[in-house]
Every structure is written in C-alpha cells, then in structure tokens.
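**Student:** Have a look at the structure that comes next, please.
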Amino acid sequence: MTLPIDRKSYVKEKYLFGLLLGGAAWVLGVMMSLGSHIVGTQDLVYTEFLLMATIYIPIFMILLSITIPFQLKFGGEKSRIVMLGTAGIVFLVVRFLINQAENMGIDINAIGNALSAVHIGLINLALILIAVVGLFISYVISSAIMEKKDF
C-alpha cells in the first residue's frame with residue numbers, strides 16, 4: 001500500500017476488475033457457444049439460449065464475492081487452501097441438511113420438481129438479486145479486512 005491508493009479504492013478496484021474480467025469471459029463464452037450452434041446448424045431458440053446463458057452471471061458473481069475476502073484475509077496461497085476447506089464444509093453441511101430433511105419425511109425430489117416448473121427467467125432474476133446482495137456483503141467484509149490489515 002505504498003502507492004497513492006487508499007484501502008477502500010483498492011477493494012473497489014478488486015471487485016470492479018473481477019466483474020469486468022468475469023463479464024468479458026461470459027461474453028466470450030456466449031459468443032463461442034452461439035458460434036458453435038450456428039456452425040453446427042442446430043435449431044436454437046435464442047431467448048432460451050440467452051436465459052440459460054445468464055445463469056452463469058450470478059455464479060461468477062457469487063464466486064467473486066467468496067474469493068476476494070479470503071484472498072485479502074489470507075493472501076494468495078493460503079486463501080486457496082481455506083477456499084478448499086470452505087467448499088468441503090459447505091458440501092458437508094448441505095449433505096447433512098438433505099439427510100435431515102429426508103429423515104423428517106420431506107421429499108427432496110418433489111421440491112426439485114417444483115423448482116423446475118418455475119420459469120428460468122424468474123430463477124435467473126432471483127439468483128442475480130442474491131448475488132448482488134452477496135457481492136455487497138462481501139464488499140463490506142473486504143473493506144473491513146483491508147482497514148484492519150497491517151502492511
């Protein structure tokens with residue numbers, strides 16, 4: 001932090017760079033996928049294609065909101081180990097909750113079938129809203145981490 005950049009600007013730039021990089025990767029991926037469909041002369045419903053493609057936007061936003069605070073807190077190398085451990089813990093918690101739901105007589109497949117009946121646009125909108133809220137919470141956490149960090 002020897003450059004004339006304050007800590008809040010550094011965090012903002014991290015998130016902005018991540019969003020720009022993820023957005024560019026998304027656009028490139030959509031263009032490549034669209035190109036392969038056109039070259040392959042497959043029938044393609046463009047509205048359905050775009051709705052399915054937008055599902056990746058909240059995914060990279062959520063991943064970004066998880067990785068930046070870990071990277072700022074633990075550094076580059078340690079954050080990878082912590083992220084792996086966190087992913088394992090999340091998997092175990094979800095598996096535990098599914099087992100508990102099944103033990104209580106809740107039909108997980110029925111819930112999945114009900115969700116699949118919901119329009120993909122509504123699911124995308126809900127996921128994007130959740131991702132934006134998660135990104136804001138992550139930004140607040142990252143700002144607090146940077147304010148407390150000593151260099």
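Residues in the structure tokens are numbered from 1 in each chain, the chains being A, B, ... in the order shown, and ligands are numbered from 1 in the order shown.
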DSSP says alpha helix (DSSP H) for which residues of chain A? Put them as a ChimeraX atom specification?
**Tutor:** /A:7-39,46-53,56-103,108-116,120-148
**Student:** Which residues of stretch 29-111 of chain A come within 9 Å of stretch 135-151 of chain A, and what is each one's closest atom pair and distance in Å (one decimal), counting only C-alpha atoms, sorted by chain and residue number, as CSV?
**Tutor:**
```
residue,atom,partner,partner_atom,distance
A:Met61,CA,A:Leu135,CA,6.8
A:Ile62,CA,A:Leu135,CA,6.9
A:Leu64,CA,A:Leu135,CA,7.7
A:Ser65,CA,A:Leu135,CA,5.0
A:Ile66,CA,A:Ser138,CA,7.0
A:Ile68,CA,A:Ser142,CA,7.1
A:Pro69,CA,A:Ser142,CA,4.9
A:Phe70,CA,A:Ser142,CA,8.5
A:Leu72,CA,A:Ser142,CA,6.9
A:Lys73,CA,A:Ile145,CA,6.4
```
**Student:** Go through A:Ile120, A:Leu84, A:Ile130, A:Leu97 one by one, measure the shortest atom-to-atom distance of each to A:Ile55 using only C-alpha atoms, and give the residue with the smallest value.
**Tutor:**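 Among the listed residues, the smallest separation from A:Ile55 belongs to A:Ile120.
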**Student:** Would you mind listing what lies within 12 Å of A:Phe49 as a ChimeraX atom specification, with only C-alpha atoms counted and same-chain residues fewer than 5 positions away left out?
**Tutor:** /A:30-31,33-34,37,43-44,54-56,120-121
**Student:** How about saving the chosen residues, C-alpha atoms kept, as a compact mmCIF listing (two decimals), in the first residue's frame?
**Tutor:**
```txt
# COMPACT_ATOMS: atom_id res chain seq x y z
CA VAL A 30 -21.60 -16.87 -25.03
CA MET A 31 -20.19 -15.82 -28.39
CA SER A 33 -21.25 -21.15 -27.79
CA LEU A 34 -23.51 -19.22 -30.13
CA HIS A 37 -24.55 -23.61 -32.58
CA ASP A 43 -32.01 -25.37 -34.19
CA LEU A 44 -31.62 -22.75 -31.50
CA THR A 54 -27.47 -15.65 -17.97
CA ILE A 55 -27.42 -18.33 -15.26
CA TYR A 56 -23.60 -18.04 -15.30
CA ILE A 120 -35.89 -19.91 -15.85
CA GLY A 121 -36.15 -16.11 -16.09
```
**Student:** Between A:Ala53, A:Pro58, A:Ile81, A:Ile128, which one has atoms that come closest to A:Met32, using only C-alpha atoms?
**Tutor:**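 Among the listed residues, A:Ala53 lies closest to A:Met32.
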**Student:** Go through A:Val27, A:Ile5, A:Met52, A:Leu20 one by one, measure the shortest atom-to-atom distance of each to A:Asn124 using only C-alpha atoms, and give the residue with the smallest value.
**Tutor:**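 Nearest candidate to A:Asn124 out of A:Val27, A:Ile5, A:Met52, A:Leu20: A:Met52.
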**Student:** Can you tell me how far atom CA of A:Ala25 sits from atom CA of A:Thr67, in Å to one decimal?
**Tutor:**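 Separation of atom CA of A:Ala25 and atom CA of A:Thr67: 17.1 Å.
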